[in-house]
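Data block below; observations after.
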Amino acid sequence: MPGSSPAAWQRTAGAFTAAVESGRLDLPLPGSGATWERWAAFADLAGEDLSLARLGEGHADAIAILAELGGPRPRPDSRWGVWAANPPGPNLTASRHRGMWVLQGTKQYCSGARVCTNALVTAAADDGPRLFAVAVGNLQPLEDSWPATGMAGSDTLNVGFSTIPGVPIGPPGGYVNRPGFSHGGAGVAACWYGGARAVGRTLLSAAAKRDIGAHALAHLGAVDLGLGTARDALRKAAHEIDADPGDRHGGGALRALRVRTLTEAVATDVLARTGRALGAGPLSHDEAHSRAVADLTVYLRQHHAERDLALLGERVTEQGAAW
């Protein structure tokens with residue numbers, strides 16, 4: 001309607017475009033010696049807007065993937081996404097047609113579907129799972145496929161591909177078998193940490209302004225311990241990646257599982273404790289806080305809960321533990 005305010009995805013799209021054009025997302029590559037600087041930037045984005053962080057992290061991840069797998073150099077003004085989810089249901093296939101690769105089907109969970117100019121997408125091919133670079137202009141976003149309240153601004157739509165040309169990036173299986181796959185997975189936890197930190201700061205701010213009572217202060221103390229532990233774990237993981245960017249010692253997958261699982265647990269605890277300490281007030285009257293809580297609740301479900309804990313247990317059984 002004329003004069004109506006822009007939708008959440010349009011506001012986030014504008015902020016994402018500005019972040020790309022300003023150079024804010026020109027970040028150090030994972031393992032370059034400044035991985036913590038990269039992750040701190042993700043956390044800061046998440047503190048502003050978790051949907052913006054989701055798009056910014058995806059763009060930065062795409063740039064890193066292209067560099068690692070020898071893909072084309074992105075245009076300075078291009079906005080990239082990584083669309084690699086493979087949940088049950090419709091999916092994408094790739095086949096050769098007249099000497100080129102073409103993609104057909106539907107890809108689910110495509111964040112930034114209407115603002116990205118390009119995307120890296122996974123698809124099933126005859127020789128195995130492959131990664132392709134595509135231009136987004138001719139794709140078909142399904143606008144009603146992301147009705148979520150949490151992460152509404154991320155515009156994470158299903159996208160239809162109708163004989164769309166794709167440029168293969170790396171060999172079959174190269175996307176998940178490269179060292180950077182684990183590095184990028186750990187980087188997502190920096191976004192969760194930044195979102196949890198923003199939620200926790202609402203509690204900290206309330207305590208600085210008034211007497212919130214002993215029980216709420218106890219929750220604040222637990223939030224402080226949790227966020228400090230998550231920050232230190234992320235910083236340690238970043239330094240370990242910088243020390244072994246090619247993952248020669250084979251610790252990348254276990255490291256990513258540990259830091260993701262820890263950060264998810266801390267963020268979940270921060271959500272619960274802040275709500276219990278402050279009650280319905282901030283959720284009812286503080287738009288930024290209520291949106292951050294809704295967004296973080298959805299974003300954390302990129303962690304697969306007990307499935308990831310079981311996988312962590314398997315890897316610890318195989319590789320041992322230092323405790």
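Quick note on naming: the chains in the structure tokens go A, B, ... in the order shown, residues restart at 1 in each chain, and ligands are numbered from 1 in order of appearance.
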
Please provide the set of residues having any atom within 10 Å of A:Ala189, restricted to only C-alpha atoms, with same-chain residues fewer than 5 positions apart removed, written as a PyMOL selection string.
-> chain A and resi 39+42-43+184+194-195+230-231+234+256-257+259-264+267+300+302-303

Residues within 9 Å of A:Ala15, only C-alpha atoms, excluding chain neighbours under 5 positions, as a compact mmCIF listing (two decimals) with C-alpha atoms, in the first residue's frame:
# COMPACT_ATOMS: atom_id res chain seq x y z
CA GLN A 10 13.13 -5.06 2.79
CA VAL A 20 28.39 -4.70 1.27
CA LEU A 52 21.45 -8.84 8.98

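Compared by their closest atoms to A:Leu139, and using only C-alpha atoms, the residues A:Ile164, A:Ala218, A:Ala125, A:Leu312 rank with A:Ile164 nearest.
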
Write out, as a tab-separated table, each residue of stretch 135-224 of chain A that has an atom at most 12 Å from stretch 81-101 of chain A, together with the closest pair of atoms and their distance in Å to one decimal, counting only C-alpha atoms, rows going by chain and rising number.
residue	atom	partner	partner_atom	distance
A:Ala135	CA	A:Gly81	CA	10.6
A:Val136	CA	A:Gly81	CA	9.7
A:Ser154	CA	A:Gly81	CA	11.1
A:Asp155	CA	A:Gly81	CA	11.5
A:Thr156	CA	A:Trp83	CA	9.6
A:Leu157	CA	A:Trp83	CA	10.4
A:Asn158	CA	A:Pro90	CA	9.5
A:Val159	CA	A:Trp83	CA	9.8
A:Gly160	CA	A:Leu92	CA	8.8
A:Phe161	CA	A:Leu92	CA	7.8
A:Ser162	CA	A:Leu92	CA	10.1
A:Thr163	CA	A:Ala94	CA	9.0
A:Ile164	CA	A:Trp101	CA	8.3
A:Pro165	CA	A:Trp101	CA	5.8
A:Gly166	CA	A:Trp101	CA	5.6
A:Val167	CA	A:Trp101	CA	6.9
A:Pro168	CA	A:Trp101	CA	7.6
A:Ile169	CA	A:Trp101	CA	11.3
A:Pro172	CA	A:Ala94	CA	11.6
A:Tyr175	CA	A:Ala84	CA	9.3
A:Val176	CA	A:Ala84	CA	10.0
A:Phe181	CA	A:Ala84	CA	11.4
A:Gly184	CA	A:Val82	CA	11.1

Write out as a PDB file with N, CA, C and O atoms, in the first residue's frame each polymer residue whose atoms come within 12 Å of A:Ser205, counting only C-alpha atoms; drop sequence neighbours fewer than 3 positions from it.
ATOM      1  N   ARG A 197      24.472 -12.048  23.406  1.00  0.00           N
ATOM      2  CA  ARG A 197      25.046 -10.906  24.121  1.00  0.00           C
ATOM      3  C   ARG A 197      24.076  -9.729  24.118  1.00  0.00           C
ATOM      4  O   ARG A 197      23.913  -9.041  25.140  1.00  0.00           O
ATOM      5  N   ALA A 198      23.413  -9.490  22.993  1.00  0.00           N
ATOM      6  CA  ALA A 198      22.441  -8.399  22.920  1.00  0.00           C
ATOM      7  C   ALA A 198      21.268  -8.647  23.862  1.00  0.00           C
ATOM      8  O   ALA A 198      20.788  -7.723  24.528  1.00  0.00           O
ATOM      9  N   VAL A 199      20.783  -9.893  23.928  1.00  0.00           N
ATOM     10  CA  VAL A 199      19.700 -10.222  24.859  1.00  0.00           C
ATOM     11  C   VAL A 199      20.161 -10.026  26.299  1.00  0.00           C
ATOM     12  O   VAL A 199      19.459  -9.428  27.127  1.00  0.00           O
ATOM     13  N   GLY A 200      21.354 -10.509  26.620  1.00  0.00           N
ATOM     14  CA  GLY A 200      21.877 -10.372  27.966  1.00  0.00           C
ATOM     15  C   GLY A 200      22.086  -8.922  28.374  1.00  0.00           C
ATOM     16  O   GLY A 200      21.942  -8.575  29.563  1.00  0.00           O
ATOM     17  N   ARG A 201      22.396  -8.067  27.430  1.00  0.00           N
ATOM     18  CA  ARG A 201      22.614  -6.656  27.768  1.00  0.00           C
ATOM     19  C   ARG A 201      21.330  -5.964  28.203  1.00  0.00           C
ATOM     20  O   ARG A 201      21.381  -4.951  28.915  1.00  0.00           O
ATOM     21  N   THR A 202      20.184  -6.484  27.788  1.00  0.00           N
ATOM     22  CA  THR A 202      18.925  -5.940  28.296  1.00  0.00           C
ATOM     23  C   THR A 202      18.829  -6.165  29.796  1.00  0.00           C
ATOM     24  O   THR A 202      18.398  -5.279  30.552  1.00  0.00           O
ATOM     25  N   ALA A 208      21.484  -2.016  35.991  1.00  0.00           N
ATOM     26  CA  ALA A 208      22.198  -0.755  36.206  1.00  0.00           C
ATOM     27  C   ALA A 208      21.242   0.394  36.528  1.00  0.00           C
ATOM     28  O   ALA A 208      21.650   1.390  37.132  1.00  0.00           O
ATOM     29  N   LYS A 209      19.973   0.252  36.137  1.00  0.00           N
ATOM     30  CA  LYS A 209      19.014   1.349  36.294  1.00  0.00           C
ATOM     31  C   LYS A 209      18.172   1.248  37.559  1.00  0.00           C
ATOM     32  O   LYS A 209      17.670   2.256  38.050  1.00  0.00           O
ATOM     33  N   ARG A 210      17.977   0.011  38.068  1.00  0.00           N
ATOM     34  CA  ARG A 210      17.069  -0.128  39.213  1.00  0.00           C
ATOM     35  C   ARG A 210      17.423  -1.391  39.996  1.00  0.00           C
ATOM     36  O   ARG A 210      18.220  -2.211  39.541  1.00  0.00           O
ATOM     37  N   ASP A 211      16.818  -1.527  41.125  1.00  0.00           N
ATOM     38  CA  ASP A 211      16.986  -2.726  41.945  1.00  0.00           C
ATOM     39  C   ASP A 211      16.133  -3.838  41.344  1.00  0.00           C
ATOM     40  O   ASP A 211      14.903  -3.790  41.405  1.00  0.00           O
ATOM     41  N   ILE A 212      16.775  -4.826  40.756  1.00  0.00           N
ATOM     42  CA  ILE A 212      16.023  -5.907  40.121  1.00  0.00           C
ATOM     43  C   ILE A 212      15.856  -7.104  41.049  1.00  0.00           C
ATOM     44  O   ILE A 212      15.202  -8.091  40.679  1.00  0.00           O
ATOM     45  N   LEU A 217      19.526 -10.801  39.938  1.00  0.00           N
ATOM     46  CA  LEU A 217      20.983 -10.626  39.942  1.00  0.00           C
ATOM     47  C   LEU A 217      21.696 -11.975  39.823  1.00  0.00           C
ATOM     48  O   LEU A 217      22.757 -12.070  39.190  1.00  0.00           O
ATOM     49  N   LEU A 220      21.699 -12.730  36.274  1.00  0.00           N
ATOM     50  CA  LEU A 220      22.702 -11.909  35.599  1.00  0.00           C
ATOM     51  C   LEU A 220      24.100 -12.489  35.802  1.00  0.00           C
ATOM     52  O   LEU A 220      24.920 -12.507  34.875  1.00  0.00           O
ATOM     53  N   THR A 274      17.196 -14.385  31.080  1.00  0.00           N
ATOM     54  CA  THR A 274      16.765 -13.002  30.912  1.00  0.00           C
ATOM     55  C   THR A 274      15.246 -12.903  31.015  1.00  0.00           C
ATOM     56  O   THR A 274      14.711 -11.983  31.657  1.00  0.00           O
ATOM     57  N   LEU A 278      13.401 -10.774  34.080  1.00  0.00           N
ATOM     58  CA  LEU A 278      12.720  -9.518  33.769  1.00  0.00           C
ATOM     59  C   LEU A 278      11.236  -9.672  33.493  1.00  0.00           C
ATOM     60  O   LEU A 278      10.518  -8.661  33.412  1.00  0.00           O
ATOM     61  N   PRO A 282      10.040  -6.424  29.029  1.00  0.00           N
ATOM     62  CA  PRO A 282      10.796  -6.144  27.813  1.00  0.00           C
ATOM     63  C   PRO A 282      10.210  -6.826  26.565  1.00  0.00           C
ATOM     64  O   PRO A 282      10.262  -6.267  25.467  1.00  0.00           O
ATOM     65  N   HIS A 289      14.280  -5.722  21.761  1.00  0.00           N
ATOM     66  CA  HIS A 289      14.546  -6.906  22.572  1.00  0.00           C
ATOM     67  C   HIS A 289      13.641  -8.065  22.169  1.00  0.00           C
ATOM     68  O   HIS A 289      14.110  -9.204  22.025  1.00  0.00           O
TER      69      HIS A 289
END

Among stretch 38-275 of chain A, which residues carry a DSSP assignment of strand (DSSP E), reported as number ranges by chain?
-> A: 80-83, 92-97, 100-110, 118-125, 128-135, 140-142, 157-168

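Neighbours of A:Gly150 closer than or equal to 9 Å, with only C-alpha atoms counted and sequence neighbours fewer than 4 positions away skipped, come out as Ser51, Arg291, Ala292, Val293, Ala294, Asp295, Leu296, Thr297, Val298 and Tyr299 of chain A.
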
Selected residues, N, CA and C atoms, written as an mmCIF file, in the first residue's frame, please.
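Saved result, part24.cif, follows:
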data_model
loop_
_atom_site.group_PDB
_atom_site.id
_atom_site.type_symbol
_atom_site.label_atom_id
_atom_site.label_comp_id
_atom_site.auth_asym_id
_atom_site.auth_seq_id
_atom_site.Cartn_x
_atom_site.Cartn_y
_atom_site.Cartn_z
ATOM 1 N N SER A 51 19.041 -10.972 11.624
ATOM 2 C CA SER A 51 18.782 -11.245 10.211
ATOM 3 C C SER A 51 19.885 -10.639 9.342
ATOM 4 N N ARG A 291 12.245 -8.622 19.358
ATOM 5 C CA ARG A 291 12.657 -9.133 18.052
ATOM 6 C C ARG A 291 13.926 -9.958 18.176
ATOM 7 N N ALA A 292 14.871 -9.507 19.010
ATOM 8 C CA ALA A 292 16.119 -10.252 19.195
ATOM 9 C C ALA A 292 15.843 -11.628 19.791
ATOM 10 N N VAL A 293 14.907 -11.701 20.749
ATOM 11 C CA VAL A 293 14.564 -12.986 21.355
ATOM 12 C C VAL A 293 13.947 -13.912 20.322
ATOM 13 N N ALA A 294 13.001 -13.400 19.534
ATOM 14 C CA ALA A 294 12.365 -14.228 18.504
ATOM 15 C C ALA A 294 13.372 -14.684 17.456
ATOM 16 N N ASP A 295 14.239 -13.760 17.024
ATOM 17 C CA ASP A 295 15.229 -14.098 15.995
ATOM 18 C C ASP A 295 16.222 -15.146 16.497
ATOM 19 N N LEU A 296 16.724 -14.946 17.712
ATOM 20 C CA LEU A 296 17.726 -15.873 18.244
ATOM 21 C C LEU A 296 17.124 -17.260 18.445
ATOM 22 N N THR A 297 15.879 -17.326 18.859
ATOM 23 C CA THR A 297 15.221 -18.613 19.056
ATOM 24 C C THR A 297 15.200 -19.416 17.757
ATOM 25 N N VAL A 298 14.936 -18.742 16.643
ATOM 26 C CA VAL A 298 14.922 -19.424 15.342
ATOM 27 C C VAL A 298 16.340 -19.734 14.872
ATOM 28 N N TYR A 299 17.237 -18.761 14.978
ATOM 29 C CA TYR A 299 18.599 -18.918 14.448
ATOM 30 C C TYR A 299 19.324 -20.080 15.132
#

Determine, counting only C-alpha atoms, which protein, DNA and RNA residues have an atom within 12 Å of an atom of A:Gly313; residues of the same chain fewer than 5 positions away are not included. Present the result as a PyMOL selection string.
-> chain A and resi 254+257-258+261+306-308+318-321

Those residues you just picked out, can you put them in a file as a PDB file, in the first residue's frame with all heavy atoms?
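Written out: part.pdb:
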ATOM      1  N   LEU A 254      35.768 -31.557  15.048  1.00  0.00           N
ATOM      2  CA  LEU A 254      35.500 -31.654  16.481  1.00  0.00           C
ATOM      3  C   LEU A 254      35.474 -30.269  17.116  1.00  0.00           C
ATOM      4  O   LEU A 254      34.613 -29.976  17.958  1.00  0.00           O
ATOM      5  CB  LEU A 254      36.555 -32.530  17.142  1.00  0.00           C
ATOM      6  CG  LEU A 254      36.411 -32.781  18.651  1.00  0.00           C
ATOM      7  CD1 LEU A 254      35.058 -33.393  18.970  1.00  0.00           C
ATOM      8  CD2 LEU A 254      37.545 -33.671  19.153  1.00  0.00           C
ATOM      9  N   LEU A 257      32.150 -28.588  16.271  1.00  0.00           N
ATOM     10  CA  LEU A 257      31.054 -29.168  17.045  1.00  0.00           C
ATOM     11  C   LEU A 257      31.066 -28.661  18.488  1.00  0.00           C
ATOM     12  O   LEU A 257      30.025 -28.323  19.060  1.00  0.00           O
ATOM     13  CB  LEU A 257      31.159 -30.688  17.034  1.00  0.00           C
ATOM     14  CG  LEU A 257      30.425 -31.444  15.926  1.00  0.00           C
ATOM     15  CD1 LEU A 257      30.808 -32.912  15.958  1.00  0.00           C
ATOM     16  CD2 LEU A 257      28.913 -31.275  16.059  1.00  0.00           C
ATOM     17  N   ARG A 258      32.248 -28.604  19.076  1.00  0.00           N
ATOM     18  CA  ARG A 258      32.340 -28.163  20.467  1.00  0.00           C
ATOM     19  C   ARG A 258      31.919 -26.710  20.626  1.00  0.00           C
ATOM     20  O   ARG A 258      31.127 -26.374  21.513  1.00  0.00           O
ATOM     21  CB  ARG A 258      33.768 -28.362  20.973  1.00  0.00           C
ATOM     22  CG  ARG A 258      34.094 -29.801  21.350  1.00  0.00           C
ATOM     23  CD  ARG A 258      35.559 -29.963  21.686  1.00  0.00           C
ATOM     24  NE  ARG A 258      35.837 -31.271  22.281  1.00  0.00           N
ATOM     25  CZ  ARG A 258      37.033 -31.840  22.302  1.00  0.00           C
ATOM     26  NH1 ARG A 258      38.081 -31.218  21.748  1.00  0.00           N
ATOM     27  NH2 ARG A 258      37.201 -33.022  22.869  1.00  0.00           N
ATOM     28  N   THR A 261      28.140 -26.244  19.924  1.00  0.00           N
ATOM     29  CA  THR A 261      27.298 -26.820  20.959  1.00  0.00           C
ATOM     30  C   THR A 261      27.357 -25.987  22.240  1.00  0.00           C
ATOM     31  O   THR A 261      26.337 -25.738  22.889  1.00  0.00           O
ATOM     32  CB  THR A 261      27.714 -28.272  21.235  1.00  0.00           C
ATOM     33  OG1 THR A 261      27.590 -29.028  20.025  1.00  0.00           O
ATOM     34  CG2 THR A 261      26.851 -28.910  22.300  1.00  0.00           C
ATOM     35  N   GLU A 306      20.215 -32.578  20.107  1.00  0.00           N
ATOM     36  CA  GLU A 306      20.766 -33.861  20.544  1.00  0.00           C
ATOM     37  C   GLU A 306      21.482 -34.612  19.428  1.00  0.00           C
ATOM     38  O   GLU A 306      22.407 -35.387  19.689  1.00  0.00           O
ATOM     39  CB  GLU A 306      19.656 -34.724  21.143  1.00  0.00           C
ATOM     40  CG  GLU A 306      19.253 -34.330  22.567  1.00  0.00           C
ATOM     41  CD  GLU A 306      18.508 -33.024  22.645  1.00  0.00           C
ATOM     42  OE1 GLU A 306      17.945 -32.586  21.600  1.00  0.00           O
ATOM     43  OE2 GLU A 306      18.473 -32.417  23.726  1.00  0.00           O
ATOM     44  N   ARG A 307      21.096 -34.384  18.186  1.00  0.00           N
ATOM     45  CA  ARG A 307      21.813 -35.035  17.082  1.00  0.00           C
ATOM     46  C   ARG A 307      23.269 -34.578  17.035  1.00  0.00           C
ATOM     47  O   ARG A 307      24.176 -35.385  16.822  1.00  0.00           O
ATOM     48  CB  ARG A 307      21.127 -34.731  15.751  1.00  0.00           C
ATOM     49  CG  ARG A 307      19.898 -35.584  15.469  1.00  0.00           C
ATOM     50  CD  ARG A 307      19.409 -35.355  14.063  1.00  0.00           C
ATOM     51  NE  ARG A 307      18.885 -34.007  13.898  1.00  0.00           N
ATOM     52  CZ  ARG A 307      18.721 -33.404  12.719  1.00  0.00           C
ATOM     53  NH1 ARG A 307      19.066 -34.020  11.606  1.00  0.00           N
ATOM     54  NH2 ARG A 307      18.215 -32.193  12.641  1.00  0.00           N
ATOM     55  N   ASP A 308      23.481 -33.263  17.216  1.00  0.00           N
ATOM     56  CA  ASP A 308      24.858 -32.771  17.228  1.00  0.00           C
ATOM     57  C   ASP A 308      25.598 -33.209  18.488  1.00  0.00           C
ATOM     58  O   ASP A 308      26.811 -33.463  18.446  1.00  0.00           O
ATOM     59  CB  ASP A 308      24.867 -31.251  17.105  1.00  0.00           C
ATOM     60  CG  ASP A 308      24.690 -30.779  15.669  1.00  0.00           C
ATOM     61  OD1 ASP A 308      24.663 -31.653  14.769  1.00  0.00           O
ATOM     62  OD2 ASP A 308      24.573 -29.564  15.437  1.00  0.00           O
ATOM     63  N   GLU A 318      36.082 -41.525  19.244  1.00  0.00           N
ATOM     64  CA  GLU A 318      37.077 -41.890  18.246  1.00  0.00           C
ATOM     65  C   GLU A 318      38.418 -41.203  18.475  1.00  0.00           C
ATOM     66  O   GLU A 318      39.476 -41.816  18.327  1.00  0.00           O
ATOM     67  CB  GLU A 318      36.561 -41.544  16.842  1.00  0.00           C
ATOM     68  CG  GLU A 318      35.332 -42.343  16.414  1.00  0.00           C
ATOM     69  CD  GLU A 318      34.691 -41.753  15.176  1.00  0.00           C
ATOM     70  OE1 GLU A 318      35.180 -40.711  14.682  1.00  0.00           O
ATOM     71  OE2 GLU A 318      33.692 -42.331  14.690  1.00  0.00           O
ATOM     72  N   GLN A 319      38.364 -39.906  18.808  1.00  0.00           N
ATOM     73  CA  GLN A 319      39.576 -39.091  18.844  1.00  0.00           C
ATOM     74  C   GLN A 319      40.110 -38.847  20.251  1.00  0.00           C
ATOM     75  O   GLN A 319      41.240 -38.349  20.407  1.00  0.00           O
ATOM     76  CB  GLN A 319      39.313 -37.741  18.158  1.00  0.00           C
ATOM     77  CG  GLN A 319      38.954 -37.873  16.678  1.00  0.00           C
ATOM     78  CD  GLN A 319      38.676 -36.537  16.023  1.00  0.00           C
ATOM     79  OE1 GLN A 319      37.708 -36.366  15.315  1.00  0.00           O
ATOM     80  NE2 GLN A 319      39.530 -35.567  16.259  1.00  0.00           N
ATOM     81  N   GLY A 320      39.320 -39.150  21.255  1.00  0.00           N
ATOM     82  CA  GLY A 320      39.756 -38.895  22.619  1.00  0.00           C
ATOM     83  C   GLY A 320      39.480 -37.479  23.057  1.00  0.00           C
ATOM     84  O   GLY A 320      39.029 -36.629  22.280  1.00  0.00           O
ATOM     85  N   ALA A 321      39.735 -37.204  24.311  1.00  0.00           N
ATOM     86  CA  ALA A 321      39.488 -35.881  24.878  1.00  0.00           C
ATOM     87  C   ALA A 321      40.669 -35.491  25.763  1.00  0.00           C
ATOM     88  O   ALA A 321      41.387 -36.350  26.274  1.00  0.00           O
ATOM     89  CB  ALA A 321      38.191 -35.887  25.682  1.00  0.00           C
TER      90      ALA A 321
END

Among stretch 62-277 of chain A, which ones does DSSP place in alpha helix (DSSP H), written as a PyMOL selection string?
-> chain A and resi 62-68+174-177+179-209+214-243+252-277

Shell around A:Ala19 at 12 Å using only C-alpha atoms, local window under 5 positions removed, as a short mmCIF file (atom, residue, chain, number, x, y, z; two decimals) with all heavy atoms, in the first residue's frame:
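Generated file (result_6.cif):
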data_model
loop_
_atom_site.label_atom_id
_atom_site.label_comp_id
_atom_site.auth_asym_id
_atom_site.auth_seq_id
_atom_site.Cartn_x
_atom_site.Cartn_y
_atom_site.Cartn_z
N THR A 12 15.96 -5.24 6.12
CA THR A 12 17.23 -5.97 6.24
C THR A 12 17.98 -5.95 4.92
O THR A 12 19.22 -5.82 4.91
CB THR A 12 16.97 -7.42 6.68
OG1 THR A 12 16.25 -7.41 7.92
CG2 THR A 12 18.28 -8.17 6.87
N ALA A 13 17.27 -6.06 3.81
CA ALA A 13 17.92 -6.02 2.50
C ALA A 13 18.66 -4.70 2.30
O ALA A 13 19.79 -4.66 1.77
CB ALA A 13 16.89 -6.23 1.39
N GLY A 14 18.04 -3.60 2.73
CA GLY A 14 18.71 -2.31 2.60
C GLY A 14 19.96 -2.22 3.46
O GLY A 14 21.00 -1.71 3.02
N ARG A 24 32.00 -2.94 4.82
CA ARG A 24 31.94 -3.49 6.17
C ARG A 24 32.09 -5.00 6.18
O ARG A 24 32.55 -5.58 7.17
CB ARG A 24 30.61 -3.10 6.81
CG ARG A 24 30.50 -3.51 8.28
CD ARG A 24 29.20 -3.06 8.90
NE ARG A 24 29.16 -3.42 10.31
CZ ARG A 24 28.11 -3.22 11.11
NH1 ARG A 24 27.01 -2.65 10.63
NH2 ARG A 24 28.18 -3.58 12.38
N LEU A 25 31.73 -5.66 5.08
CA LEU A 25 31.82 -7.12 5.00
C LEU A 25 33.09 -7.59 4.28
O LEU A 25 33.20 -8.77 3.95
CB LEU A 25 30.57 -7.69 4.32
CG LEU A 25 29.27 -7.44 5.07
CD1 LEU A 25 28.08 -8.00 4.30
CD2 LEU A 25 29.33 -8.06 6.47
N ASP A 26 34.01 -6.68 4.05
CA ASP A 26 35.32 -7.06 3.51
C ASP A 26 36.19 -7.54 4.68
O ASP A 26 36.99 -6.80 5.23
CB ASP A 26 35.99 -5.89 2.80
CG ASP A 26 35.20 -5.42 1.59
OD1 ASP A 26 34.38 -6.20 1.08
OD2 ASP A 26 35.40 -4.26 1.16
N LEU A 27 36.00 -8.78 5.06
CA LEU A 27 36.57 -9.31 6.29
C LEU A 27 37.75 -10.23 6.02
O LEU A 27 37.86 -10.81 4.93
CB LEU A 27 35.49 -10.06 7.07
CG LEU A 27 34.27 -9.24 7.47
CD1 LEU A 27 33.21 -10.13 8.11
CD2 LEU A 27 34.66 -8.11 8.42
N ALA A 41 33.34 -9.26 14.09
CA ALA A 41 32.48 -8.48 13.20
C ALA A 41 31.11 -9.15 13.05
O ALA A 41 30.08 -8.47 13.03
CB ALA A 41 33.14 -8.32 11.83
N PHE A 42 31.09 -10.48 12.95
CA PHE A 42 29.81 -11.19 12.91
C PHE A 42 29.00 -10.93 14.18
O PHE A 42 27.79 -10.70 14.13
CB PHE A 42 30.03 -12.70 12.76
CG PHE A 42 30.58 -13.16 11.44
CD1 PHE A 42 31.13 -14.42 11.31
CD2 PHE A 42 30.55 -12.34 10.33
CE1 PHE A 42 31.63 -14.87 10.09
CE2 PHE A 42 31.05 -12.76 9.10
CZ PHE A 42 31.59 -14.03 9.00
N LEU A 45 27.48 -7.48 14.16
CA LEU A 45 26.31 -7.45 13.28
C LEU A 45 25.10 -8.07 13.97
O LEU A 45 23.99 -7.55 13.91
CB LEU A 45 26.60 -8.20 11.98
CG LEU A 45 27.39 -7.51 10.88
CD1 LEU A 45 27.69 -8.50 9.77
CD2 LEU A 45 26.62 -6.32 10.32
N LEU A 52 20.33 -9.45 9.69
CA LEU A 52 21.45 -8.84 8.98
C LEU A 52 22.70 -9.69 9.15
O LEU A 52 23.46 -9.90 8.19
CB LEU A 52 21.69 -7.42 9.50
CG LEU A 52 22.93 -6.70 8.97
CD1 LEU A 52 22.89 -6.55 7.46
CD2 LEU A 52 23.08 -5.34 9.65
N ALA A 53 22.94 -10.20 10.36
CA ALA A 53 24.10 -11.05 10.59
C ALA A 53 24.02 -12.32 9.75
O ALA A 53 25.03 -12.79 9.22
CB ALA A 53 24.21 -11.41 12.07
N LEU A 55 22.65 -12.71 6.80
CA LEU A 55 23.02 -12.39 5.43
C LEU A 55 24.49 -12.01 5.32
O LEU A 55 25.18 -12.42 4.37
CB LEU A 55 22.14 -11.25 4.90
CG LEU A 55 20.64 -11.50 4.88
CD1 LEU A 55 19.92 -10.37 4.13
CD2 LEU A 55 20.29 -12.84 4.26
N GLY A 56 24.99 -11.25 6.30
CA GLY A 56 26.39 -10.85 6.26
C GLY A 56 27.33 -12.03 6.40
O GLY A 56 28.34 -12.12 5.69
N GLU A 57 27.02 -12.95 7.32
CA GLU A 57 27.84 -14.14 7.49
C GLU A 57 27.81 -15.00 6.23
O GLU A 57 28.83 -15.55 5.80
CB GLU A 57 27.35 -14.93 8.70
CG GLU A 57 28.19 -16.15 9.05
CD GLU A 57 27.81 -17.39 8.27
OE1 GLU A 57 26.62 -17.52 7.91
OE2 GLU A 57 28.70 -18.24 8.00
N HIS A 59 27.30 -14.01 3.11
CA HIS A 59 28.09 -13.34 2.08
C HIS A 59 29.59 -13.54 2.32
O HIS A 59 30.33 -13.93 1.40
CB HIS A 59 27.76 -11.84 2.10
CG HIS A 59 28.62 -11.00 1.20
ND1 HIS A 59 28.36 -10.82 -0.14
CD2 HIS A 59 29.76 -10.29 1.47
CE1 HIS A 59 29.29 -10.03 -0.66
NE2 HIS A 59 30.15 -9.70 0.30
N ALA A 60 30.03 -13.33 3.55
CA ALA A 60 31.45 -13.50 3.86
C ALA A 60 31.88 -14.95 3.69
O ALA A 60 33.01 -15.23 3.24
CB ALA A 60 31.73 -13.03 5.29
N PRO A 76 32.86 -6.40 -6.92
CA PRO A 76 32.83 -5.67 -5.65
C PRO A 76 31.42 -5.34 -5.15
O PRO A 76 31.19 -5.26 -3.96
CB PRO A 76 33.61 -4.39 -5.98
CG PRO A 76 34.50 -4.76 -7.12
CD PRO A 76 33.73 -5.75 -7.93
N ASP A 77 30.47 -5.14 -6.09
CA ASP A 77 29.12 -4.75 -5.69
C ASP A 77 28.16 -5.94 -5.58
O ASP A 77 26.97 -5.76 -5.36
CB ASP A 77 28.55 -3.73 -6.67
CG ASP A 77 28.45 -4.29 -8.10
OD1 ASP A 77 29.12 -5.30 -8.40
OD2 ASP A 77 27.71 -3.69 -8.91
N SER A 78 28.66 -7.17 -5.73
CA SER A 78 27.79 -8.34 -5.70
C SER A 78 27.48 -8.74 -4.27
O SER A 78 28.29 -8.54 -3.36
CB SER A 78 28.41 -9.51 -6.47
OG SER A 78 29.69 -9.84 -5.96
N ARG A 79 26.30 -9.32 -4.08
CA ARG A 79 25.84 -9.77 -2.76
C ARG A 79 25.58 -11.26 -2.85
O ARG A 79 24.70 -11.70 -3.60
CB ARG A 79 24.58 -9.01 -2.35
CG ARG A 79 24.79 -7.50 -2.28
CD ARG A 79 23.51 -6.77 -1.86
NE ARG A 79 22.43 -6.92 -2.85
CZ ARG A 79 22.28 -6.16 -3.93
NH1 ARG A 79 23.15 -5.19 -4.19
NH2 ARG A 79 21.27 -6.37 -4.76
#

Considering only C-alpha atoms, return as a VMD selection string whatever protein or nucleic-acid residues lie within 10 Å of A:Gly228, sequence-local ones (same chain, fewer than 5 positions apart) excluded.
-> chain A and resid 193 197 222 to 223 233 to 234 266

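Comparing the minimum interatomic distances between A:Gly187 and each of A:Ala238, A:Ala207, A:Met151, A:Leu311, counting only C-alpha atoms, we find that A:Ala238 sits nearest.
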
Atom CA of A:Leu203 and atom CA of A:Ala46 are how many Å apart?
-> 17.3 Å

note - atom CA of A:Asn118 and atom CA of A:Val134 are separated by 5.7 Å
